[in-house]
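This report concerns only the one structure given below.
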Amino acid sequence: MKTKNGKMIERWQKYGDSLTAISHRYKANGDSVLTETIVLKQKNDIWYFCVTGYEKGNIGKTDFKLVASANSTFIFENKQHDFPQQIVYQNKGENELLAWIEGEIGGKKRKIEFPYKRAN
């Protein structure tokens, strides 16, 4: 995903019975920062999106429970988390994926989109 200051990349791979990902933010000069790691795994027949953040203000581990899935859209939720309370992934075809996070901050709804394209 291209940003105004560079790009963000999520790399996913299958690992055993789960999917794992790492997310990096790249500056225009090529420097990168690990922003988070993700594990998508099943516990007691329920899927969880488990995120560990590494950026300032986003440090620590949070689990989001799969609450809905239909039409290639997967919604994960944790109402107790400060922000976001929802993480959504929507498959837009073979080469595109739209992800977004949403929830409330200070009583105001907020949504941030991440339009990803497969790298060649």
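Residues are referred to by chain and number: the chain letter is A, B, ... according to the order shown in the structure tokens, the number counts from 1 in that chain, and ligands are numbered separately from 1 in the order shown.
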
Using only C-alpha atoms, which protein or nucleic acid residues come within 8 Å of Val88 of chain A? Drop anything in the same chain fewer than 6 positions from it, and give the result as a PDB file with N, CA and C atoms, in the first residue's frame.
```
ATOM      1  N   THR A  73     -15.708 -10.947   3.137  1.00  0.00           N
ATOM      2  CA  THR A  73     -15.436  -9.921   4.132  1.00  0.00           C
ATOM      3  C   THR A  73     -15.407 -10.576   5.513  1.00  0.00           C
ATOM      4  N   PHE A  74     -14.364 -10.272   6.276  1.00  0.00           N
ATOM      5  CA  PHE A  74     -14.165 -10.873   7.595  1.00  0.00           C
ATOM      6  C   PHE A  74     -14.052  -9.762   8.631  1.00  0.00           C
ATOM      7  N   ILE A  75     -14.915  -9.796   9.644  1.00  0.00           N
ATOM      8  CA  ILE A  75     -14.958  -8.749  10.661  1.00  0.00           C
ATOM      9  C   ILE A  75     -14.517  -9.334  11.999  1.00  0.00           C
ATOM     10  N   PHE A  76     -13.473  -8.734  12.556  1.00  0.00           N
ATOM     11  CA  PHE A  76     -12.933  -9.130  13.852  1.00  0.00           C
ATOM     12  C   PHE A  76     -13.208  -8.002  14.837  1.00  0.00           C
ATOM     13  N   ALA A  99      -8.489  -3.451   3.656  1.00  0.00           N
ATOM     14  CA  ALA A  99      -8.576  -3.652   5.103  1.00  0.00           C
ATOM     15  C   ALA A  99      -8.931  -2.312   5.718  1.00  0.00           C
ATOM     16  N   TRP A 100      -9.622  -2.352   6.856  1.00  0.00           N
ATOM     17  CA  TRP A 100      -9.851  -1.109   7.579  1.00  0.00           C
ATOM     18  C   TRP A 100      -9.999  -1.404   9.058  1.00  0.00           C
ATOM     19  N   ILE A 101      -9.709  -0.366   9.823  1.00  0.00           N
ATOM     20  CA  ILE A 101      -9.901  -0.421  11.262  1.00  0.00           C
ATOM     21  C   ILE A 101     -10.898   0.666  11.606  1.00  0.00           C
TER      22      ILE A 101
END
```

Check: Leaving out segment 43-51 of chain A and any residue of its chain fewer than 5 positions from it, which residues lie within 9 Å of it when counting only C-alpha atoms, given as a list in words?
Finding: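 Here the qualifying residues turn out to be Glu36, Thr37, Ile38, Gly60, Lys61, Thr62, Asp63, Phe64, Lys65, Leu66, Val67, Phe76, Glu77 and Ile87 of chain A.
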
Check: Looking at A:Asn5, A:Ser72, A:Gln85, A:Gln80, which one is nearest to Leu97 of chain A, with distances taken over only C-alpha atoms?
Finding: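 Ranked by minimum distance to Leu97 of chain A, first place goes to A:Ser72.
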
Check: Could you pull out the strand (DSSP E or B) residues of segment 6-60 of chain A from DSSP and send them as a PyMOL selection string?
Finding: chain A and resi 6-15+18-27+32-43+46-53+60

Item checked: Selection: 10 Å around segment 110-113 of chain A, only C-alpha atoms, excl. self and same-chain fewer than 2 positions, as a list in words ->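 Counting only C-alpha atoms, the residues come to Phe83, Pro84, Gln86, Ile87, Val88, Tyr89, Leu98, Ala99, Trp100, Ile101, Glu102, Gly103, Glu104, Ile105, Gly106, Gly107, Lys108, Pro115 and Tyr116 of chain A.
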
Notebook entry, point to check: Can you tell me how far atom CA of Asn78 of chain A sits from atom CA of Val33 of chain A, in Å to one decimal?
Noted result: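 Spanning atom CA of Asn78 of chain A to atom CA of Val33 of chain A is a straight-line distance of 25.6 Å.
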
Next item on the list: One decimal, Å: what's the distance from atom CA of Ser18 of chain A over to atom CA of Lys41 of chain A, could you say?
Entry: 4.8 Å

Margin query: Could you check the closest approach to Lys27 of chain A for each of A:Arg118, A:Lys79, A:Met8, A:Asn58 and tell me which residue wins, using only C-alpha atoms?
Written below: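 Comparing A:Arg118, A:Lys79, A:Met8, A:Asn58 against Lys27 of chain A, the winner is A:Met8.
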
Note to self: So that I can see what lies close to Thr3 of chain A, please list as a PyMOL selection string the residues with an atom at most 10 Å from it, counting only C-alpha atoms and leaving out residues fewer than 6 positions away in the same chain.
What the structure shows: chain A and resi 25-28+114

Item checked: Straight-line distance linking atom CA of Lys2 of chain A with atom CA of Ala21 of chain A, stated in Å to one decimal ->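 Computing it gives 18.2 Å between the two atoms.
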
Who sits within 8 Å of Thr20 of chain A, only C-alpha atoms, same chain under 3 positions skipped, as a compact mmCIF listing (two decimals) with C-alpha atoms, in the first residue's frame:
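The resulting around28.txt:
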```txt
# COMPACT_ATOMS: atom_id res chain seq x y z
CA TRP A 12 1.32 -13.31 5.03
CA GLN A 13 2.25 -16.98 5.17
CA LYS A 14 0.68 -20.20 6.32
CA TYR A 15 2.26 -21.64 9.42
CA THR A 37 2.95 -8.97 13.80
CA ILE A 38 -0.31 -10.83 13.28
CA VAL A 39 -1.43 -14.39 13.89
CA LEU A 40 -4.79 -15.59 12.57
```
